[in-house]
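Participant: What follows is data_25.txt, made up of compact mmCIF, N, CA and C atoms:
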# COMPACT_ATOMS: atom_id res chain seq x y z
N MET I 14 94.68 125.01 95.68
CA MET I 14 95.14 124.46 96.92
C MET I 14 96.67 124.54 96.94
N SER I 15 97.24 125.10 98.00
CA SER I 15 98.68 125.22 98.06
C SER I 15 99.28 123.95 98.66
N LYS I 16 100.45 123.64 98.17
CA LYS I 16 101.13 122.44 98.62
C LYS I 16 102.24 122.85 99.60
N ILE I 17 102.30 122.21 100.74
CA ILE I 17 103.31 122.50 101.74
C ILE I 17 104.47 121.53 101.55
N MET I 18 105.71 122.06 101.57
CA MET I 18 106.87 121.20 101.40
C MET I 18 107.06 120.34 102.63
N SER I 19 107.41 119.10 102.40
CA SER I 19 107.70 118.21 103.52
C SER I 19 109.10 118.52 104.04
N ALA I 20 109.40 118.06 105.23
CA ALA I 20 110.70 118.32 105.84
C ALA I 20 111.86 117.81 105.00
N PRO I 21 111.80 116.58 104.44
CA PRO I 21 112.92 116.12 103.60
C PRO I 21 113.09 116.98 102.34
N THR I 22 111.99 117.45 101.73
CA THR I 22 112.09 118.29 100.55
C THR I 22 112.68 119.64 100.91
N LEU I 23 112.27 120.19 102.02
CA LEU I 23 112.81 121.46 102.48
C LEU I 23 114.31 121.34 102.77
N HIS I 24 114.71 120.26 103.41
CA HIS I 24 116.13 120.03 103.69
C HIS I 24 116.92 119.91 102.39
N HIS I 25 116.37 119.20 101.42
CA HIS I 25 117.01 119.03 100.11
C HIS I 25 117.17 120.39 99.43
N PHE I 26 116.11 121.19 99.47
CA PHE I 26 116.15 122.53 98.87
C PHE I 26 117.21 123.40 99.53
N SER I 27 117.27 123.38 100.87
CA SER I 27 118.25 124.21 101.56
C SER I 27 119.68 123.73 101.28
N SER I 28 119.87 122.42 101.13
CA SER I 28 121.19 121.90 100.80
C SER I 28 121.62 122.34 99.41
N LEU I 29 120.70 122.30 98.46
CA LEU I 29 121.01 122.74 97.10
C LEU I 29 121.29 124.24 97.07
N PHE I 30 120.52 125.00 97.83
CA PHE I 30 120.73 126.44 97.89
C PHE I 30 122.12 126.76 98.47
N THR I 31 122.51 126.07 99.53
CA THR I 31 123.82 126.26 100.13
C THR I 31 124.93 125.92 99.15
N LEU I 32 124.78 124.81 98.44
CA LEU I 32 125.76 124.42 97.44
C LEU I 32 125.86 125.47 96.34
N PHE I 33 124.73 126.00 95.91
CA PHE I 33 124.69 127.03 94.88
C PHE I 33 125.46 128.28 95.34
N ILE I 34 125.26 128.69 96.57
CA ILE I 34 125.94 129.87 97.12
C ILE I 34 127.44 129.62 97.19
N VAL I 35 127.84 128.43 97.62
CA VAL I 35 129.26 128.10 97.70
C VAL I 35 129.89 128.13 96.33
N LEU I 36 129.21 127.60 95.33
CA LEU I 36 129.75 127.58 93.97
C LEU I 36 129.83 128.98 93.37
N LEU I 37 128.95 129.87 93.79
CA LEU I 37 128.98 131.24 93.28
C LEU I 37 130.05 132.10 93.95
N HIS I 38 130.55 131.63 95.10
CA HIS I 38 131.56 132.40 95.82
C HIS I 38 132.74 132.63 94.88
N HIS I 39 133.09 133.88 94.71
CA HIS I 39 134.16 134.25 93.80
C HIS I 39 135.47 134.42 94.56
N SER I 40 136.47 133.73 94.10
CA SER I 40 137.79 133.86 94.70
C SER I 40 138.67 134.70 93.79
N ASN I 41 139.49 135.54 94.37
CA ASN I 41 140.40 136.36 93.59
C ASN I 41 141.73 135.66 93.35
N ALA I 42 141.86 134.42 93.79
CA ALA I 42 143.11 133.69 93.67
C ALA I 42 143.25 133.07 92.29
N ASP I 43 144.50 132.96 91.85
CA ASP I 43 144.84 132.29 90.61
C ASP I 43 145.61 131.02 90.97
N VAL I 44 145.72 130.14 90.00
CA VAL I 44 146.47 128.91 90.17
C VAL I 44 147.65 128.96 89.22
N GLY I 45 148.80 128.51 89.68
CA GLY I 45 149.99 128.50 88.85
C GLY I 45 150.98 127.46 89.35
N THR I 46 152.23 127.61 88.94
CA THR I 46 153.28 126.70 89.36
C THR I 46 154.44 127.49 89.94
N ALA I 47 155.22 126.82 90.77
CA ALA I 47 156.40 127.45 91.36
C ALA I 47 157.55 126.46 91.41
N SER I 48 158.72 126.98 91.19
CA SER I 48 159.95 126.24 91.42
C SER I 48 160.73 127.04 92.46
N ARG I 49 162.00 126.69 92.66
CA ARG I 49 162.78 127.40 93.67
C ARG I 49 164.15 127.75 93.11
N TYR I 50 164.79 128.74 93.73
CA TYR I 50 166.16 129.06 93.39
C TYR I 50 166.94 129.40 94.64
N SER I 51 168.26 129.24 94.53
CA SER I 51 169.17 129.40 95.67
C SER I 51 170.08 130.61 95.43
N PRO I 52 170.75 131.09 96.49
CA PRO I 52 171.70 132.18 96.31
C PRO I 52 172.79 131.80 95.29
N PRO I 53 173.38 132.78 94.65
CA PRO I 53 173.24 134.22 94.86
C PRO I 53 171.97 134.76 94.21
N TYR I 54 171.39 135.77 94.83
CA TYR I 54 170.18 136.40 94.32
C TYR I 54 170.46 137.77 93.70
N LEU I 55 171.67 138.28 93.86
CA LEU I 55 172.02 139.60 93.34
C LEU I 55 172.97 139.47 92.15
N PRO I 56 172.88 140.34 91.17
CA PRO I 56 171.89 141.42 91.03
C PRO I 56 170.54 140.86 90.60
N SER I 57 169.48 141.57 90.92
CA SER I 57 168.13 141.14 90.55
C SER I 57 167.60 141.99 89.39
N GLY I 58 166.60 141.48 88.73
CA GLY I 58 166.00 142.19 87.60
C GLY I 58 165.17 143.38 88.00
N CYS I 59 164.86 143.52 89.27
CA CYS I 59 164.05 144.65 89.73
C CYS I 59 164.87 145.76 90.34
N TYR I 60 165.80 145.41 91.21
CA TYR I 60 166.48 146.43 92.00
C TYR I 60 168.00 146.34 91.92
N GLY I 61 168.53 145.62 90.94
CA GLY I 61 169.97 145.54 90.77
C GLY I 61 170.68 144.94 91.96
N THR I 62 171.69 145.64 92.46
CA THR I 62 172.51 145.13 93.56
C THR I 62 172.07 145.63 94.93
N GLU I 63 170.93 146.29 95.00
CA GLU I 63 170.42 146.86 96.26
C GLU I 63 170.00 145.74 97.22
N ALA I 64 170.78 145.52 98.28
CA ALA I 64 170.52 144.44 99.23
C ALA I 64 169.25 144.67 100.05
N THR I 65 168.80 145.92 100.17
CA THR I 65 167.62 146.20 100.98
C THR I 65 166.32 145.80 100.28
N GLN I 66 166.40 145.32 99.04
CA GLN I 66 165.21 144.90 98.31
C GLN I 66 164.55 143.67 98.91
N PHE I 67 165.31 142.87 99.64
CA PHE I 67 164.79 141.61 100.17
C PHE I 67 164.06 141.83 101.49
N PRO I 68 162.87 141.28 101.63
CA PRO I 68 162.18 141.39 102.92
C PRO I 68 162.97 140.66 104.01
N SER I 69 162.87 141.11 105.23
CA SER I 69 163.62 140.50 106.33
C SER I 69 163.25 139.03 106.54
N SER I 70 162.07 138.64 106.11
CA SER I 70 161.62 137.25 106.23
C SER I 70 162.30 136.33 105.22
N ASN I 71 162.94 136.91 104.20
CA ASN I 71 163.52 136.17 103.07
C ASN I 71 162.48 135.42 102.26
N LEU I 72 161.23 135.88 102.33
CA LEU I 72 160.15 135.30 101.53
C LEU I 72 159.97 136.18 100.30
N PHE I 73 160.63 135.81 99.22
CA PHE I 73 160.58 136.58 97.98
C PHE I 73 160.61 135.63 96.79
N ALA I 74 160.43 136.20 95.60
CA ALA I 74 160.38 135.37 94.40
C ALA I 74 160.78 136.16 93.17
N ALA I 75 161.09 135.39 92.13
CA ALA I 75 161.30 135.94 90.80
C ALA I 75 160.03 135.65 90.00
N ALA I 76 159.56 136.62 89.25
CA ALA I 76 158.33 136.48 88.47
C ALA I 76 158.61 135.73 87.17
N GLY I 77 157.73 134.80 86.84
CA GLY I 77 157.79 134.14 85.55
C GLY I 77 157.13 135.03 84.50
N ASP I 78 157.22 134.60 83.24
CA ASP I 78 156.67 135.41 82.15
C ASP I 78 155.19 135.76 82.33
N GLY I 79 154.42 134.86 82.93
CA GLY I 79 152.98 135.07 83.08
C GLY I 79 152.58 136.22 83.98
N ILE I 80 153.46 136.58 84.92
CA ILE I 80 153.13 137.67 85.85
C ILE I 80 154.16 138.81 85.79
N TRP I 81 155.19 138.70 84.99
CA TRP I 81 156.25 139.70 84.92
C TRP I 81 155.74 141.07 84.50
N ASP I 82 154.89 141.10 83.49
CA ASP I 82 154.24 142.34 83.06
C ASP I 82 155.25 143.45 82.74
N ASN I 83 156.27 143.10 81.96
CA ASN I 83 157.32 144.06 81.56
C ASN I 83 157.94 144.82 82.73
N GLY I 84 158.07 144.14 83.85
CA GLY I 84 158.70 144.75 85.03
C GLY I 84 157.74 145.36 86.01
N ALA I 85 156.47 145.47 85.65
CA ALA I 85 155.49 146.05 86.57
C ALA I 85 155.28 145.16 87.80
N ALA I 86 155.70 143.90 87.72
CA ALA I 86 155.55 142.98 88.85
C ALA I 86 156.51 143.31 90.00
N CYS I 87 157.55 144.05 89.73
CA CYS I 87 158.54 144.37 90.77
C CYS I 87 157.87 145.02 91.98
N GLY I 88 158.11 144.44 93.14
CA GLY I 88 157.55 144.96 94.38
C GLY I 88 156.18 144.43 94.73
N ARG I 89 155.52 143.77 93.78
CA ARG I 89 154.19 143.22 94.09
C ARG I 89 154.30 142.19 95.20
N GLN I 90 153.23 142.12 95.99
CA GLN I 90 153.14 141.15 97.07
C GLN I 90 152.08 140.12 96.68
N TYR I 91 152.37 138.86 96.96
CA TYR I 91 151.42 137.78 96.69
C TYR I 91 151.29 136.89 97.91
N LEU I 92 150.08 136.44 98.17
CA LEU I 92 149.85 135.36 99.12
C LEU I 92 149.95 134.07 98.31
N VAL I 93 150.76 133.15 98.79
CA VAL I 93 151.03 131.93 98.04
C VAL I 93 150.87 130.73 98.96
N ARG I 94 150.25 129.67 98.42
CA ARG I 94 150.19 128.42 99.16
C ARG I 94 150.35 127.27 98.18
N CYS I 95 150.96 126.21 98.64
CA CYS I 95 151.14 125.00 97.85
C CYS I 95 149.83 124.23 97.87
N ILE I 96 149.35 123.83 96.68
CA ILE I 96 148.09 123.08 96.63
C ILE I 96 148.28 121.63 96.19
N SER I 97 149.36 121.33 95.47
CA SER I 97 149.62 119.95 95.07
C SER I 97 151.00 119.85 94.43
N ALA I 98 151.43 118.62 94.25
CA ALA I 98 152.70 118.35 93.58
C ALA I 98 152.65 116.92 93.05
N GLU I 99 153.62 116.59 92.23
CA GLU I 99 153.66 115.24 91.65
C GLU I 99 153.79 114.18 92.75
N GLN I 100 154.60 114.45 93.75
CA GLN I 100 154.78 113.52 94.85
C GLN I 100 153.79 113.82 95.97
N PRO I 101 153.09 112.80 96.48
CA PRO I 101 152.16 113.02 97.59
C PRO I 101 152.87 113.59 98.82
N ARG I 102 152.15 114.34 99.61
CA ARG I 102 152.61 114.93 100.87
C ARG I 102 153.79 115.88 100.70
N THR I 103 153.87 116.53 99.54
CA THR I 103 154.91 117.53 99.32
C THR I 103 154.53 118.85 99.98
N CYS I 104 153.27 119.23 99.87
CA CYS I 104 152.81 120.51 100.43
C CYS I 104 152.72 120.44 101.94
N ILE I 105 153.07 121.53 102.58
CA ILE I 105 152.90 121.66 104.03
C ILE I 105 151.48 122.16 104.25
N PRO I 106 150.62 121.35 104.90
CA PRO I 106 149.20 121.71 105.04
C PRO I 106 148.98 123.03 105.77
N ASP I 107 147.97 123.75 105.31
CA ASP I 107 147.51 124.99 105.95
C ASP I 107 148.61 126.04 106.10
N GLN I 108 149.55 126.07 105.17
CA GLN I 108 150.65 127.04 105.26
C GLN I 108 150.59 127.97 104.06
N SER I 109 150.44 129.25 104.32
CA SER I 109 150.46 130.29 103.29
C SER I 109 151.56 131.28 103.64
N ILE I 110 152.14 131.89 102.61
CA ILE I 110 153.19 132.89 102.83
C ILE I 110 152.89 134.13 102.01
N GLN I 111 153.44 135.25 102.44
CA GLN I 111 153.37 136.47 101.65
C GLN I 111 154.76 136.71 101.09
N ILE I 112 154.85 136.78 99.76
CA ILE I 112 156.15 136.99 99.12
C ILE I 112 156.16 138.32 98.38
N LYS I 113 157.36 138.80 98.10
CA LYS I 113 157.57 140.03 97.34
C LYS I 113 158.33 139.66 96.07
N ILE I 114 157.89 140.17 94.93
CA ILE I 114 158.59 139.95 93.67
C ILE I 114 159.79 140.89 93.61
N VAL I 115 160.99 140.30 93.45
CA VAL I 115 162.22 141.09 93.41
C VAL I 115 163.06 140.84 92.15
N ASP I 116 162.61 139.91 91.30
CA ASP I 116 163.44 139.52 90.17
C ASP I 116 162.57 138.99 89.03
N TYR I 117 163.21 138.82 87.88
CA TYR I 117 162.58 138.24 86.69
C TYR I 117 163.21 136.86 86.48
N ALA I 118 162.42 135.83 86.49
CA ALA I 118 162.93 134.46 86.42
C ALA I 118 163.82 134.21 85.21
N ALA I 119 163.48 134.79 84.07
CA ALA I 119 164.23 134.54 82.84
C ALA I 119 165.65 135.09 82.89
N THR I 120 165.91 136.08 83.74
CA THR I 120 167.25 136.67 83.81
C THR I 120 167.89 136.52 85.19
N ALA I 121 167.29 135.73 86.07
CA ALA I 121 167.84 135.57 87.43
C ALA I 121 169.25 134.99 87.37
N VAL I 122 170.10 135.41 88.29
CA VAL I 122 171.48 134.96 88.35
C VAL I 122 171.56 133.46 88.61
N SER I 123 170.72 132.96 89.50
CA SER I 123 170.70 131.53 89.83
C SER I 123 169.63 130.81 89.03
N PRO I 124 169.91 129.60 88.58
CA PRO I 124 168.91 128.85 87.81
C PRO I 124 167.76 128.35 88.70
N ALA I 125 166.59 128.27 88.10
CA ALA I 125 165.42 127.73 88.80
C ALA I 125 165.48 126.21 88.79
N SER I 126 164.84 125.58 89.77
CA SER I 126 164.80 124.11 89.83
C SER I 126 163.96 123.54 88.70
N ALA I 127 163.08 124.34 88.12
CA ALA I 127 162.27 123.95 86.96
C ALA I 127 161.94 125.21 86.18
N GLY I 128 161.92 125.12 84.87
CA GLY I 128 161.67 126.28 84.04
C GLY I 128 160.20 126.46 83.70
N GLY I 129 159.86 127.66 83.23
CA GLY I 129 158.52 127.95 82.75
C GLY I 129 157.45 128.06 83.80
N THR I 130 157.83 128.35 85.04
CA THR I 130 156.85 128.43 86.12
C THR I 130 156.31 129.84 86.28
N THR I 131 155.21 129.96 86.98
CA THR I 131 154.59 131.25 87.26
C THR I 131 155.52 132.12 88.09
N MET I 132 156.17 131.49 89.07
CA MET I 132 157.14 132.20 89.89
C MET I 132 158.20 131.23 90.38
N VAL I 133 159.36 131.80 90.73
CA VAL I 133 160.46 131.03 91.28
C VAL I 133 160.69 131.57 92.69
N LEU I 134 160.42 130.73 93.67
CA LEU I 134 160.49 131.14 95.07
C LEU I 134 161.91 131.02 95.61
N SER I 135 162.27 131.91 96.52
CA SER I 135 163.54 131.76 97.23
C SER I 135 163.50 130.44 97.98
N ASP I 136 164.68 129.90 98.30
CA ASP I 136 164.73 128.65 99.06
C ASP I 136 163.90 128.72 100.33
N LYS I 137 164.01 129.83 101.05
CA LYS I 137 163.27 130.01 102.31
C LYS I 137 161.76 129.98 102.07
N ALA I 138 161.29 130.68 101.03
CA ALA I 138 159.86 130.72 100.72
C ALA I 138 159.36 129.33 100.32
N PHE I 139 160.09 128.67 99.44
CA PHE I 139 159.68 127.34 98.97
C PHE I 139 159.61 126.36 100.14
N GLY I 140 160.66 126.36 100.98
CA GLY I 140 160.71 125.44 102.11
C GLY I 140 159.67 125.70 103.17
N THR I 141 159.09 126.89 103.17
CA THR I 141 158.05 127.22 104.15
C THR I 141 156.71 126.59 103.77
N ILE I 142 156.47 126.37 102.46
CA ILE I 142 155.18 125.83 102.03
C ILE I 142 155.26 124.42 101.43
N ALA I 143 156.50 123.93 101.17
CA ALA I 143 156.63 122.62 100.54
C ALA I 143 157.94 121.94 100.95
N ASN I 144 157.97 120.65 100.75
CA ASN I 144 159.16 119.86 101.00
C ASN I 144 160.25 120.27 100.01
N MET I 145 161.45 120.52 100.50
CA MET I 145 162.55 121.00 99.66
C MET I 145 163.04 119.96 98.65
N SER I 146 162.64 118.72 98.79
CA SER I 146 163.06 117.71 97.82
C SER I 146 162.31 117.86 96.49
N ALA I 147 161.23 118.60 96.50
CA ALA I 147 160.45 118.84 95.27
C ALA I 147 161.13 119.90 94.43
N THR I 148 160.95 119.82 93.11
CA THR I 148 161.49 120.84 92.22
C THR I 148 160.39 121.73 91.65
N LEU I 149 159.15 121.24 91.70
CA LEU I 149 158.01 121.96 91.10
C LEU I 149 156.77 121.68 91.92
N ILE I 150 156.01 122.74 92.21
CA ILE I 150 154.75 122.58 92.93
C ILE I 150 153.66 123.39 92.24
N ASN I 151 152.42 123.01 92.48
CA ASN I 151 151.27 123.77 92.02
C ASN I 151 150.88 124.69 93.17
N ILE I 152 150.61 125.94 92.83
CA ILE I 152 150.33 126.93 93.86
C ILE I 152 149.03 127.67 93.59
N GLU I 153 148.51 128.24 94.66
CA GLU I 153 147.43 129.21 94.56
C GLU I 153 148.08 130.54 94.96
N LEU I 154 147.86 131.57 94.15
CA LEU I 154 148.46 132.88 94.43
C LEU I 154 147.42 133.97 94.33
N GLN I 155 147.54 134.92 95.21
CA GLN I 155 146.61 136.03 95.25
C GLN I 155 147.37 137.32 95.52
N GLN I 156 147.20 138.29 94.61
CA GLN I 156 147.90 139.57 94.76
C GLN I 156 147.22 140.40 95.84
Transcribe the structure of this file into structure tokens.
Facilitator:
Amino acid sequence: MSKIMSAPTLHHFSSLFTLFIVLLHHSNADVGTASRYSPPYLPSGCYGTEATQFPSSNLFAAAGDGIWDNGAACGRQYLVRCISAEQPRTCIPDQSIQIKIVDYAATAVSPASAGGTTMVLSDKAFGTIANMSATLINIELQQ
């Protein structure tokens, strides 16, 4: 004799199935940290004194050791968003930016607001996704 599922059991099964699918969804994004730096930005570790290296949006960054890849990071583009910070309400909700790597954080002319981060964002990039009073934020980044 076959047993027919009741409506509550069927609803429970479909909810679990949906949750399972959501958990299996694979994201290509990584999580890291970001600080910020201010001008001067030249010379940079990627393109020296070439002023045309900077995107017109001024959304760029210096790569930290974790993504520098012996200079292979130069020119890479990343989608970046602030996901959290030590201080509540630091992140600007629903704001993502596309940045270009133009420098190496360890040799940047200007000091970073915090050391050892995944990337060091230009003032303009940092201020677009987070409150400028912060020195360090947690980010989601996707190449």
Participant: Would you list the contacts of Gln90 in chain I as number ranges by chain, taking every protein, DNA or RNA residue within 7 Å and counting only N, CA and C atoms, but skipping same-chain residues closer than 5 positions in sequence?
Facilitator: I: 111-114, 155-156
Participant: Select, counting all atoms listed in the file, all protein, DNA and RNA residues no farther than 6.5 Å from (153.4, 130.5, 90.7) in file coordinates, and express the selection as a ChimeraX atom specification.
Facilitator: /I:44-48,130-133,152
Participant: Report the distance between CA of Met145 in chain I and CA of Ala85 in chain I in Å, rounded to one decimal place.
Facilitator: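 About the pair CA of Met145 in chain I and CA of Ala85 in chain I: they are 29.1 Å apart.
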Participant: Write out as an MDAnalysis selection string each polymer residue whose atoms come within 8 Å of Ala125 in chain I, counting all atoms listed in the file; drop sequence neighbours fewer than 5 positions from it.
Facilitator: chainID I and resid 48:51 118 133:134 148
Participant: Which is closest to Thr141 in chain I among I:Cys95, I:Ala42, I:Ala74, I:Ile80, if we use only N, CA and C atoms?
Facilitator: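 Of I:Cys95, I:Ala42, I:Ala74, I:Ile80, the one nearest Thr141 in chain I is I:Cys95, counting only N, CA and C atoms.
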Participant: Work out how far apart CA of Ser57 in chain I and CA of Leu154 in chain I are and give it in Å to one decimal.
Facilitator: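 Value for the CA of Ser57 in chain I-CA of Leu154 in chain I distance: 21.7 Å.
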Participant: Would you kindly return, as a ChimeraX atom specification, each protein, DNA or RNA residue with an atom no farther than 5 Å from any atom of range 107-109 of chain I, considering all atoms listed in the file and excluding same-chain residues fewer than 2 positions away?
Facilitator: /I:93-94,105,111
